[in-house]
>>> print(open('protein_30.pdb').read())   # PDB, C-alpha atoms
ATOM      1  CA  MET A 547       0.000   0.000   0.000
ATOM      2  CA  LEU A 548       1.471   3.311  -1.071
ATOM      3  CA  GLY A 549       0.034   5.228   1.839
ATOM      4  CA  GLY A 550       2.521   3.698   4.277
ATOM      5  CA  ALA A 551       5.589   4.007   2.001
ATOM      6  CA  THR A 552       8.136   6.796   2.354
ATOM      7  CA  VAL A 553      10.357   8.265  -0.320
ATOM      8  CA  PRO A 554      13.873   9.376   0.714
ATOM      9  CA  GLY A 555      14.034  13.171   1.063
ATOM     10  CA  MET A 556      10.274  13.569   1.467
ATOM     11  CA  LEU A 557       8.170  13.925   4.598
ATOM     12  CA  PRO A 558       6.051  10.879   5.411
ATOM     13  CA  PRO A 559       2.346  11.289   4.574
ATOM     14  CA  ARG A 560      -0.214  11.698   7.357
ATOM     15  CA  PRO A 561      -3.283   9.958   5.985
ATOM     16  CA  SER A 562      -5.188   9.340   9.215
ATOM     17  CA  ARG A 563      -5.096  12.981  10.411
ATOM     18  CA  GLU A 564      -6.043  14.417   7.020
ATOM     19  CA  ARG A 565      -9.164  12.296   6.739
ATOM     20  CA  ARG A 566     -10.630  13.588   9.982
ATOM     21  CA  PRO A 567     -12.671  16.780  10.221
ATOM     22  CA  ASP A 568     -10.526  19.789  11.018
ATOM     23  CA  PRO A 569     -10.526  20.044  14.856
ATOM     24  CA  PRO A 570     -10.885  23.840  15.009
ATOM     25  CA  ALA A 571     -13.823  23.722  12.586
ATOM     26  CA  LEU A 572     -15.443  20.958  14.627
ATOM     27  CA  ARG A 573     -14.878  22.918  17.809
ATOM     28  CA  ASP A 574     -16.279  26.082  16.230
ATOM     29  CA  ARG A 575     -19.405  24.226  15.174
ATOM     30  CA  ALA A 576     -19.811  22.808  18.690
ATOM     31  CA  ILE A 577     -19.367  26.279  20.204
ATOM     32  CA  ASP A 578     -21.866  27.683  17.715
ATOM     33  CA  ASN A 579     -24.381  24.970  18.624
ATOM     34  CA  LEU A 580     -23.975  25.643  22.334
ATOM     35  CA  ARG A 581     -24.380  29.371  21.712
ATOM     36  CA  PHE A 582     -27.571  28.718  19.743
ATOM     37  CA  ILE A 583     -28.907  26.543  22.562
ATOM     38  CA  ARG A 584     -28.102  29.153  25.208
ATOM     39  CA  GLU A 585     -29.692  31.986  23.206
ATOM     40  CA  THR A 586     -32.784  29.909  22.483
ATOM     41  CA  MET A 587     -33.141  29.030  26.157
ATOM     42  CA  GLU A 588     -32.768  32.680  27.120
ATOM     43  CA  ARG A 589     -35.419  33.770  24.654
ATOM     44  CA  ALA A 590     -37.713  30.864  25.546
ATOM     45  CA  GLY A 591     -37.798  31.994  29.134
ATOM     46  CA  SER A 592     -38.801  35.461  28.112
ATOM     47  CA  PHE A 593     -41.948  35.776  26.101
ATOM     48  CA  THR A 594     -42.187  39.174  27.763
ATOM     49  CA  ALA A 595     -45.073  38.603  30.117
ATOM     50  CA  VAL A 596     -44.648  42.354  30.548
ATOM     51  CA  PRO A 597     -46.356  43.936  27.564
ATOM     52  CA  GLY A 598     -44.225  46.723  26.110
ATOM     53  CA  PHE A 599     -47.031  48.961  24.858
ATOM     54  CA  GLY A 600     -48.799  48.474  28.186
ATOM     55  CA  GLY A 601     -45.635  49.661  29.927
ATOM     56  CA  VAL A 602     -45.570  52.790  27.768
ATOM     57  CA  ALA A 603     -49.223  53.486  28.592
ATOM     58  CA  VAL A 604     -48.544  52.998  32.302
ATOM     59  CA  GLY A 605     -45.605  55.408  32.004
ATOM     60  CA  VAL A 606     -47.799  58.079  30.426
ATOM     61  CA  THR A 607     -50.438  57.817  33.155
ATOM     62  CA  ALA A 608     -47.660  57.893  35.780
ATOM     63  CA  LEU A 609     -46.370  61.178  34.351
ATOM     64  CA  ALA A 610     -49.883  62.572  34.549
ATOM     65  CA  ALA A 611     -50.166  61.322  38.127
ATOM     66  CA  ALA A 612     -46.814  62.930  39.003
ATOM     67  CA  ALA A 613     -48.049  66.289  37.661
ATOM     68  CA  LEU A 614     -51.252  65.908  39.646
ATOM     69  CA  ALA A 615     -49.441  64.812  42.798
ATOM     70  CA  ALA A 616     -47.008  67.738  42.549
ATOM     71  CA  GLY A 617     -49.922  70.074  43.203
ATOM     72  CA  ALA A 618     -51.349  68.040  46.077
ATOM     73  CA  THR A 619     -52.092  70.175  49.128
ATOM     74  CA  SER A 620     -51.694  67.405  51.681
ATOM     75  CA  VAL A 621     -49.782  64.173  52.191
ATOM     76  CA  ALA A 622     -53.037  62.225  52.194
ATOM     77  CA  LEU A 623     -53.947  63.654  48.790
ATOM     78  CA  TRP A 624     -50.474  62.926  47.415
ATOM     79  CA  VAL A 625     -50.712  59.305  48.579
ATOM     80  CA  ALA A 626     -54.256  59.036  47.224
ATOM     81  CA  VAL A 627     -53.132  60.251  43.777
ATOM     82  CA  TRP A 628     -50.364  57.658  43.583
ATOM     83  CA  LEU A 629     -52.539  54.851  44.920
ATOM     84  CA  GLY A 630     -55.105  55.792  42.287
ATOM     85  CA  GLU A 631     -52.341  55.633  39.687
ATOM     86  CA  ALA A 632     -51.384  52.179  40.980
ATOM     87  CA  VAL A 633     -54.955  50.986  40.371
ATOM     88  CA  VAL A 634     -54.988  52.537  36.888
ATOM     89  CA  ALA A 635     -51.567  51.009  36.108
ATOM     90  CA  LEU A 636     -52.741  47.598  37.312
ATOM     91  CA  ALA A 637     -55.820  47.827  35.085
ATOM     92  CA  ILE A 638     -53.784  48.912  32.046
ATOM     93  CA  GLY A 639     -51.087  46.311  32.671
ATOM     94  CA  GLY A 640     -53.655  43.544  33.190
ATOM     95  CA  TRP A 641     -55.575  44.514  30.082
ATOM     96  CA  ALA A 642     -52.403  44.737  27.980
ATOM     97  CA  LEU A 643     -51.216  41.380  29.285
ATOM     98  CA  ALA A 644     -54.541  39.719  28.519
ATOM     99  CA  ARG A 645     -54.611  41.324  25.072
ATOM    100  CA  LYS A 646     -51.106  40.147  24.263
ATOM    101  CA  ALA A 647     -51.868  36.658  25.511
ATOM    102  CA  HIS A 648     -55.099  36.532  23.508
ATOM    103  CA  ALA A 649     -53.314  37.722  20.352
ATOM    104  CA  ALA A 650     -50.836  34.889  20.771
ATOM    105  CA  ASN A 651     -53.634  32.421  21.535
ATOM    106  CA  ASP A 652     -51.976  31.649  24.867
ATOM    107  CA  PRO A 653     -53.517  31.213  28.301
ATOM    108  CA  ILE A 654     -52.418  34.056  30.623
ATOM    109  CA  LEU A 655     -51.334  31.720  33.393
ATOM    110  CA  SER A 656     -49.139  29.477  31.288
ATOM    111  CA  GLY A 657     -45.393  28.980  31.540
ATOM    112  CA  PRO A 658     -43.239  32.113  31.587
ATOM    113  CA  ALA A 659     -46.074  34.527  32.387
ATOM    114  CA  ARG A 660     -47.013  32.554  35.498
ATOM    115  CA  ARG A 661     -43.411  32.381  36.707
ATOM    116  CA  PHE A 662     -42.982  36.064  36.092
ATOM    117  CA  GLY A 663     -46.154  36.848  38.042
ATOM    118  CA  LEU A 664     -45.272  34.621  40.982
ATOM    119  CA  SER A 665     -41.847  36.236  41.282
ATOM    120  CA  PHE A 666     -43.238  39.732  40.928
ATOM    121  CA  LEU A 667     -46.013  39.354  43.501
ATOM    122  CA  PRO A 668     -44.148  39.028  46.864
ATOM    123  CA  PRO A 669     -42.393  42.442  46.731
ATOM    124  CA  MET A 670     -45.731  44.012  45.776
ATOM    125  CA  VAL A 671     -47.438  42.466  48.819
ATOM    126  CA  VAL A 672     -44.590  43.707  51.030
ATOM    127  CA  GLY A 673     -44.977  47.139  49.439
ATOM    128  CA  GLY A 674     -48.654  47.177  50.374
ATOM    129  CA  PHE A 675     -47.939  46.441  54.026
ATOM    130  CA  LEU A 676     -45.039  48.913  54.190
ATOM    131  CA  THR A 677     -47.246  51.627  52.681
ATOM    132  CA  ILE A 678     -49.743  51.201  55.514
ATOM    133  CA  ALA A 679     -46.994  51.106  58.171
ATOM    134  CA  LEU A 680     -45.028  54.100  56.841
ATOM    135  CA  TYR A 681     -48.133  56.227  56.394
ATOM    136  CA  ARG A 682     -49.498  55.301  59.817
ATOM    137  CA  ASP A 683     -46.146  56.041  61.526
ATOM    138  CA  GLY A 684     -45.848  59.441  59.889
ATOM    139  CA  VAL A 685     -42.926  58.814  57.525
ATOM    140  CA  PRO A 686     -44.592  59.235  54.113
ATOM    141  CA  GLN A 687     -41.408  60.789  52.757
ATOM    142  CA  ALA A 688     -40.024  57.230  52.650
ATOM    143  CA  LEU A 689     -42.855  56.060  50.382
ATOM    144  CA  PRO A 690     -41.404  57.043  46.944
ATOM    145  CA  GLY A 691     -38.112  55.278  47.640
ATOM    146  CA  THR A 692     -39.852  52.246  49.125
ATOM    147  CA  TRP A 693     -42.300  51.904  46.241
ATOM    148  CA  LEU A 694     -39.634  52.339  43.578
ATOM    149  CA  MET A 695     -37.194  49.962  45.234
ATOM    150  CA  LEU A 696     -39.771  47.240  45.861
ATOM    151  CA  TYR A 697     -41.198  47.555  42.358
ATOM    152  CA  GLY A 698     -37.648  47.393  41.031
ATOM    153  CA  ALA A 699     -36.923  44.344  43.169
ATOM    154  CA  GLY A 700     -40.064  42.642  41.833
ATOM    155  CA  VAL A 701     -39.188  43.420  38.230
ATOM    156  CA  ALA A 702     -35.553  42.380  38.714
ATOM    157  CA  THR A 703     -36.400  39.027  40.312
ATOM    158  CA  ALA A 704     -39.196  38.266  37.863
ATOM    159  CA  GLY A 705     -36.883  39.431  35.105
ATOM    160  CA  ALA A 706     -34.532  36.586  35.905
ATOM    161  CA  PHE A 707     -36.962  34.485  33.845
ATOM    162  CA  SER A 708     -37.154  37.064  31.121
ATOM    163  CA  VAL A 709     -35.083  38.876  28.537
ATOM    164  CA  ARG A 710     -32.080  40.823  29.813
ATOM    165  CA  VAL A 711     -33.744  44.176  29.448
ATOM    166  CA  VAL A 712     -36.340  43.358  32.132
ATOM    167  CA  PRO A 713     -33.935  42.820  35.058
ATOM    168  CA  VAL A 714     -32.018  45.879  33.841
ATOM    169  CA  MET A 715     -35.253  47.834  34.114
ATOM    170  CA  GLY A 716     -35.698  46.480  37.647
ATOM    171  CA  LEU A 717     -32.207  47.627  38.611
ATOM    172  CA  CYS A 718     -32.888  51.096  37.200
ATOM    173  CA  PHE A 719     -36.026  51.300  39.344
ATOM    174  CA  MET A 720     -34.023  50.250  42.389
ATOM    175  CA  LEU A 721     -31.389  52.917  41.688
ATOM    176  CA  THR A 722     -34.083  55.556  41.267
ATOM    177  CA  GLY A 723     -35.616  54.349  44.520
ATOM    178  CA  ALA A 724     -32.276  54.658  46.272
ATOM    179  CA  VAL A 725     -32.007  58.261  45.066
ATOM    180  CA  ALA A 726     -35.518  58.957  46.352
ATOM    181  CA  LEU A 727     -34.825  57.267  49.664
ATOM    182  CA  PHE A 728     -31.510  58.960  50.434
ATOM    183  CA  GLY A 729     -31.913  62.218  48.512
ATOM    184  CA  PRO A 730     -33.770  65.327  49.654
ATOM    185  CA  GLU A 731     -37.454  64.871  50.409
ATOM    186  CA  ALA A 732     -38.388  67.258  47.604
ATOM    187  CA  TRP A 733     -36.971  64.807  45.057
ATOM    188  CA  GLY A 734     -39.562  62.152  45.953
ATOM    189  CA  ASN A 735     -42.221  63.113  43.445
ATOM    190  CA  TRP A 736     -39.624  63.736  40.724
ATOM    191  CA  CYS A 737     -38.162  60.294  41.283
ATOM    192  CA  MET A 738     -41.664  58.817  41.032
ATOM    193  CA  ALA A 739     -42.121  60.614  37.707
ATOM    194  CA  ALA A 740     -38.689  59.519  36.463
ATOM    195  CA  GLY A 741     -39.219  55.910  37.579
ATOM    196  CA  PHE A 742     -42.862  55.013  37.026
ATOM    197  CA  GLY A 743     -43.129  57.491  34.153
ATOM    198  CA  GLY A 744     -39.777  57.697  32.393
ATOM    199  CA  LEU A 745     -38.447  54.200  32.939
ATOM    200  CA  HIS A 746     -41.770  52.587  31.981
ATOM    201  CA  ILE A 747     -41.882  54.549  28.740
ATOM    202  CA  LEU A 748     -38.222  53.875  27.943
ATOM    203  CA  PHE A 749     -38.194  50.150  28.681
ATOM    204  CA  GLY A 750     -41.755  49.631  27.439
ATOM    205  CA  THR A 751     -40.641  50.999  24.074
ATOM    206  CA  ILE A 752     -37.612  48.700  24.021
ATOM    207  CA  ILE A 753     -39.721  45.644  24.899
ATOM    208  CA  ALA A 754     -42.397  46.567  22.376
ATOM    209  CA  ARG A 755     -39.840  47.048  19.607
ATOM    210  CA  HIS A 756     -37.718  43.998  20.242
ATOM    211  CA  HIS A 757     -39.961  41.489  21.996
ATOM    212  CA  GLY A 758     -43.267  41.371  20.215
ATOM    213  CA  GLY A 759     -45.348  44.298  21.447
TER     214      GLY A 759
ATOM    215  CA  MET B 596     -31.014  19.192   6.658
ATOM    216  CA  ALA B 597     -28.821  16.710   8.410
ATOM    217  CA  LYS B 598     -29.327  13.174   7.281
ATOM    218  CA  ALA B 599     -29.381  10.297   9.678
ATOM    219  CA  THR B 600     -26.149   8.416  10.057
ATOM    220  CA  PRO B 601     -25.876   4.692  10.668
ATOM    221  CA  ALA B 602     -26.500   3.794  14.270
ATOM    222  CA  ARG B 603     -23.009   2.368  14.704
ATOM    223  CA  ALA B 604     -19.956   3.528  12.862
ATOM    224  CA  VAL B 605     -17.010   1.198  12.591
ATOM    225  CA  PRO B 606     -14.050   2.972  14.188
ATOM    226  CA  ALA B 607     -10.813   3.225  12.258
ATOM    227  CA  PRO B 608      -8.078   0.966  13.674
ATOM    228  CA  HIS B 609      -5.834   3.879  14.667
ATOM    229  CA  ALA B 610      -8.642   5.516  16.656
ATOM    230  CA  ALA B 611      -8.700   2.813  19.307
ATOM    231  CA  ALA B 612      -5.428   4.032  20.793
ATOM    232  CA  ARG B 613      -6.886   7.165  22.374
ATOM    233  CA  PRO B 614     -10.383   8.173  23.499
ATOM    234  CA  ARG B 615     -12.223  10.508  21.179
ATOM    235  CA  VAL B 616     -15.775  11.518  20.462
ATOM    236  CA  GLU B 617     -17.367   9.165  17.984
ATOM    237  CA  PRO B 618     -19.609  10.743  15.346
ATOM    238  CA  ALA B 619     -22.142   7.950  15.879
ATOM    239  CA  GLN B 620     -22.867   9.238  19.381
ATOM    240  CA  LEU B 621     -24.289  12.467  18.030
ATOM    241  CA  ASP B 622     -28.077  12.435  18.000
ATOM    242  CA  ARG B 623     -28.802  13.657  14.490
ATOM    243  CA  LEU B 624     -32.492  13.999  15.254
ATOM    244  CA  ILE B 625     -32.024  16.978  17.546
ATOM    245  CA  HIS B 626     -28.894  18.217  15.771
ATOM    246  CA  GLU B 627     -31.017  19.992  13.163
ATOM    247  CA  ARG B 628     -31.491  23.679  14.105
ATOM    248  CA  ILE B 629     -35.283  23.908  14.364
ATOM    249  CA  ARG B 630     -35.527  20.656  16.310
ATOM    250  CA  LEU B 631     -32.625  21.716  18.528
ATOM    251  CA  GLY B 632     -34.448  24.997  19.104
ATOM    252  CA  ILE B 633     -37.673  23.193  20.057
ATOM    253  CA  VAL B 634     -35.880  20.941  22.535
ATOM    254  CA  SER B 635     -33.819  23.828  23.980
ATOM    255  CA  ALA B 636     -36.928  25.946  24.489
ATOM    256  CA  LEU B 637     -38.836  23.094  26.110
ATOM    257  CA  ALA B 638     -35.876  22.395  28.407
ATOM    258  CA  VAL B 639     -36.569  25.682  30.224
ATOM    259  CA  ASN B 640     -40.374  25.599  30.048
ATOM    260  CA  SER B 641     -42.695  22.919  31.334
ATOM    261  CA  THR B 642     -44.920  23.491  28.311
ATOM    262  CA  LEU B 643     -44.937  25.760  25.309
ATOM    263  CA  THR B 644     -47.730  26.246  22.819
ATOM    264  CA  PHE B 645     -47.318  25.865  19.083
ATOM    265  CA  ASN B 646     -47.616  29.642  18.667
ATOM    266  CA  GLU B 647     -45.000  30.328  21.338
ATOM    267  CA  LEU B 648     -42.546  27.994  19.621
ATOM    268  CA  LYS B 649     -43.336  29.496  16.235
ATOM    269  CA  ARG B 650     -42.632  33.020  17.461
ATOM    270  CA  LEU B 651     -39.545  31.941  19.364
ATOM    271  CA  LEU B 652     -37.970  30.086  16.462
ATOM    272  CA  LYS B 653     -39.231  32.514  13.816
ATOM    273  CA  THR B 654     -40.400  29.731  11.566
ATOM    274  CA  SER B 655     -43.496  28.846   9.578
ATOM    275  CA  ASP B 656     -46.426  26.704  10.709
ATOM    276  CA  GLY B 657     -45.552  23.959   8.260
ATOM    277  CA  ASN B 658     -41.879  23.857   9.118
ATOM    278  CA  LEU B 659     -42.535  23.751  12.834
ATOM    279  CA  SER B 660     -45.195  21.063  12.411
ATOM    280  CA  VAL B 661     -42.854  18.800  10.468
ATOM    281  CA  HIS B 662     -39.983  19.110  12.922
ATOM    282  CA  ALA B 663     -42.181  18.852  16.006
ATOM    283  CA  ARG B 664     -43.743  15.731  14.531
ATOM    284  CA  LYS B 665     -40.322  14.121  14.123
ATOM    285  CA  LEU B 666     -39.512  14.819  17.767
ATOM    286  CA  GLU B 667     -42.916  13.487  18.750
ATOM    287  CA  ASP B 668     -42.368  10.295  16.737
ATOM    288  CA  ALA B 669     -39.030   9.814  18.507
ATOM    289  CA  LEU B 670     -40.857  10.248  21.841
ATOM    290  CA  TYR B 671     -38.671  13.263  22.689
ATOM    291  CA  VAL B 672     -41.656  15.587  23.035
ATOM    292  CA  LYS B 673     -45.264  15.045  23.970
ATOM    293  CA  CYS B 674     -47.986  16.896  22.149
ATOM    294  CA  THR B 675     -51.343  17.718  23.747
ATOM    295  CA  LYS B 676     -54.239  19.234  21.838
ATOM    296  CA  SER B 677     -56.951  21.128  23.665
ATOM    297  CA  PHE B 678     -59.234  24.139  23.371
ATOM    298  CA  ALA B 679     -58.648  27.545  24.962
ATOM    299  CA  GLY B 680     -62.211  28.797  24.790
ATOM    300  CA  ARG B 681     -63.200  28.048  21.220
ATOM    301  CA  LEU B 682     -59.684  28.172  19.852
ATOM    302  CA  PRO B 683     -57.697  24.974  19.379
ATOM    303  CA  GLN B 684     -54.386  24.923  21.177
ATOM    304  CA  THR B 685     -51.394  22.616  20.861
ATOM    305  CA  ASP B 686     -49.049  22.270  23.813
ATOM    306  CA  TYR B 687     -45.640  20.632  23.722
ATOM    307  CA  ARG B 688     -43.609  19.323  26.604
ATOM    308  CA  LEU B 689     -40.265  17.575  26.790
ATOM    309  CA  THR B 690     -40.383  13.910  27.794
ATOM    310  CA  ALA B 691     -37.869  12.309  30.165
ATOM    311  CA  LEU B 692     -36.275  10.627  27.160
ATOM    312  CA  GLY B 693     -36.100  13.939  25.337
ATOM    313  CA  ARG B 694     -34.435  15.628  28.315
ATOM    314  CA  ARG B 695     -31.875  12.825  28.628
ATOM    315  CA  THR B 696     -31.143  13.025  24.921
ATOM    316  CA  PHE B 697     -30.759  16.798  25.109
ATOM    317  CA  GLU B 698     -28.362  16.499  28.055
ATOM    318  CA  ALA B 699     -26.371  13.869  26.182
ATOM    319  CA  TYR B 700     -26.220  16.217  23.199
ATOM    320  CA  LEU B 701     -24.886  19.033  25.406
ATOM    321  CA  ASP B 702     -22.297  16.647  26.842
ATOM    322  CA  HIS B 703     -21.334  15.668  23.331
ATOM    323  CA  MET B 704     -20.805  19.277  22.255
ATOM    324  CA  GLU B 705     -18.705  19.976  25.352
ATOM    325  CA  ALA B 706     -16.688  16.818  24.759
ATOM    326  CA  LEU B 707     -15.979  17.949  21.196
ATOM    327  CA  ILE B 708     -14.672  21.282  22.481
ATOM    328  CA  HIS B 709     -12.511  19.648  25.157
ATOM    329  CA  ALA B 710     -11.190  17.061  22.718
ATOM    330  CA  SER B 711     -10.140  19.732  20.236
ATOM    331  CA  ARG B 712      -8.287  21.600  23.008
ATOM    332  CA  GLU B 713      -6.318  18.500  23.955
ATOM    333  CA  ARG B 714      -5.038  17.903  20.433
TER     334      ARG B 714
END
>>> encode(input="protein_30.pdb", output="structure tokens")
Amino acid sequence: MLGGATVPGMLPPRPSRERRPDPPALRDRAIDNLRFIRETMERAGSFTAVPGFGGVAVGVTALAAAALAAGATSVALWVAVWLGEAVVALAIGGWALARKAHAANDPILSGPARRFGLSFLPPMVVGGFLTIALYRDGVPQALPGTWLMLYGAGVATAGAFSVRVVPVMGLCFMLTGAVALFGPEAWGNWCMAAGFGGLHILFGTIIARHHGG
Amino acid sequence: MAKATPARAVPAPHAAARPRVEPAQLDRLIHERIRLGIVSALAVNSTLTFNELKRLLKTSDGNLSVHARKLEDALYVKCTKSFAGRLPQTDYRLTALGRRTFEAYLDHMEALIHASRER
């Protein structure tokens, strides 16, 4: 067999190595496959239970609420305006979620949406109790920071099951909450406007553009 | 599309000297991109609907149906048809066999990467 013969002055042939697939190419394909799997798994966990357009709408109503609350003549009125906004936001968010789910022919409580909701809920419940306690104990100035931070915590933890932009949004809310909590009291309403208004509009637009409405 | 390879490949005599990843170990059924996408998506969700998978993989109804059917025939995924109100709905979930096969596939890819580093 000629394959095993050597000619003086020439390098011996390497038949067995040349027949195999090129190792770097094989490795590159394996890396590419693993990357595809990871990206698919990331996107599969997302399905943006948070509707983007709903987030934008919530942001707009929050800006209106911030303008209204800025002119409030008492703490009770200020709290009432923002609690009213919370109810409006819940209604808009719920409607947008149901609409998105219906458009996709999906049950609202299936898979990713359910996990997102279950992760989001505990900080919201805590926020409800803290609102009562802080208002009753006469420290309403802590409410903007508390609300923003707890909402941010809820979005960040729920966002662990979602696309990267959602936990980033949660972190931005937490940062805004930290500013409200440790900054001057007068910043409270502005931080509420920047967080529940600005961040909702910004991230809602991103989600709507890149993650199906 | 990747074609199926024989179940057992006869190793070359020189290959017995050192351990290496055999091509025959690769599960060609889930190696194809759409099917790999279906299995990957179902690995992180207990169930996904047909429409969810279609949006996720950005593919057509027909293409998804064909590939999902192949996975169903191999018993890698389980398909359940129901009605959400008046609308028909198809849910997919990964079977235990499908999960094991997917994990073996991941191991195979990692082994390929490690093997190429050792050369």
>>> closest_atom_pairs(input="protein_30.pdb", of="segment 582-699 of chain A", to="segment 633-640 of chain B", cutoff="6 Å", atoms="only C-alpha atoms", output="Markdown table")
| residue | atom | partner | partner_atom | distance |
| --- | --- | --- | --- | --- |
| A:Ile583 | CA | B:Ser635 | CA | 5.8 |
| A:Met587 | CA | B:Ala636 | CA | 5.2 |
| A:Ala590 | CA | B:Ala636 | CA | 5.1 |
>>> interface_residues(input="protein_30.pdb", of="chain B", to="chain A", cutoff="8 Å", atoms="all atoms listed in the file", output="NGL selection string")
:B and (609 or 631-632 or 635-644 or 646-647 or 651-652 or 679 or 682 or 684 or 701 or 704-705 or 707-708 or 711)
>>> residues_around(input="protein_30.pdb", residues="Asp668 of chain B", least_positions_apart="6", cutoff="12 Å", atoms="only C-alpha atoms", output="PyMOL selection string")
chain B and resi 624+660-662+674+690+693
>>> residues_near_point(input="protein_30.pdb", point="(-42.7, 58.2, 51.7)", cutoff="12 Å", atoms="all atoms listed in the file", output="NGL selection string")
:A and (621-622 or 624-625 or 628 or 673 or 676-695 or 723 or 726-735 or 737-738)
>>> resolve_selection(input="protein_30.pdb", expression="the PyMOL selection byres ((chain A and resi 717) around 10)", output="short mmCIF file (atom, residue, chain, number, x, y, z; two decimals) with C-alpha atoms, in the coordinates of the input")
data_model
loop_
_atom_site.label_atom_id
_atom_site.label_comp_id
_atom_site.auth_asym_id
_atom_site.auth_seq_id
_atom_site.Cartn_x
_atom_site.Cartn_y
_atom_site.Cartn_z
CA MET A 695 -37.19 49.96 45.23
CA TYR A 697 -41.20 47.56 42.36
CA GLY A 698 -37.65 47.39 41.03
CA ALA A 699 -36.92 44.34 43.17
CA GLY A 700 -40.06 42.64 41.83
CA VAL A 701 -39.19 43.42 38.23
CA ALA A 702 -35.55 42.38 38.71
CA THR A 703 -36.40 39.03 40.31
CA VAL A 711 -33.74 44.18 29.45
CA VAL A 712 -36.34 43.36 32.13
CA PRO A 713 -33.94 42.82 35.06
CA VAL A 714 -32.02 45.88 33.84
CA MET A 715 -35.25 47.83 34.11
CA GLY A 716 -35.70 46.48 37.65
CA CYS A 718 -32.89 51.10 37.20
CA PHE A 719 -36.03 51.30 39.34
CA MET A 720 -34.02 50.25 42.39
CA LEU A 721 -31.39 52.92 41.69
CA THR A 722 -34.08 55.56 41.27
CA GLY A 723 -35.62 54.35 44.52
#
>>> atom_distance(input="protein_30.pdb", atom1="atom CA of Ala616 of chain A", atom2="atom CA of Val602 of chain A")
21.1 Å
>>> atom_distance(input="protein_30.pdb", atom1="atom CA of Ala615 of chain A", atom2="atom CA of Phe666 of chain A")
25.9 Å
>>> axis_aligned_box(input="protein_30.pdb", around="segment 655-672 of chain B", padding_each_side="4 Å", output="AutoDock Vina command-line options")
--center_x -42.5 --center_y 19.3 --center_z 15.6 --size_x 15.8 --size_y 27.0 --size_z 22.8
>>> closest_residue(input="protein_30.pdb", among="A:Glu631, A:Phe662, A:Ala626, A:Gly605", to="Leu643 of chain A", atoms="only C-alpha atoms")
A:Phe662
>>> resolve_selection(input="protein_30.pdb", expression="the PyMOL selection byres ((chain B and resi 692) around 12)", output="list of chain:residue names")
B:Val634, B:Ala638, B:Leu666, B:Glu667, B:Ala669, B:Leu670, B:Tyr671, B:Val672, B:Lys673, B:Arg688, B:Leu689, B:Thr690, B:Ala691, B:Gly693, B:Arg694, B:Arg695, B:Thr696, B:Phe697, B:Glu698, B:Ala699
>>> closest_residue(input="protein_30.pdb", among="B:Arg681, B:Lys665, B:Arg712, B:Arg630", to="Leu648 of chain B", atoms="only C-alpha atoms")
B:Arg630
>>> atom_distance(input="protein_30.pdb", atom1="atom CA of Ala637 of chain A", atom2="atom CA of Ala706 of chain A")
24.1 Å
>>> resolve_selection(input="protein_30.pdb", expression="the PyMOL selection byres ((chain A and resi 748) around 12)", output="ChimeraX atom specification")
/A:598-606,711-712,714-715,718-719,740-747,749-755
>>> residues_around(input="protein_30.pdb", residues="Thr675 of chain B", least_positions_apart="5", cutoff="7 Å", atoms="only C-alpha atoms", output="mmCIF file with C-alpha atoms, keeping the file's coordinate frame")
data_model
loop_
_atom_site.group_PDB
_atom_site.id
_atom_site.type_symbol
_atom_site.label_atom_id
_atom_site.label_comp_id
_atom_site.auth_asym_id
_atom_site.auth_seq_id
_atom_site.Cartn_x
_atom_site.Cartn_y
_atom_site.Cartn_z
ATOM 1 C CA THR B 685 -51.394 22.616 20.861
ATOM 2 C CA ASP B 686 -49.049 22.270 23.813
ATOM 3 C CA TYR B 687 -45.640 20.632 23.722
#
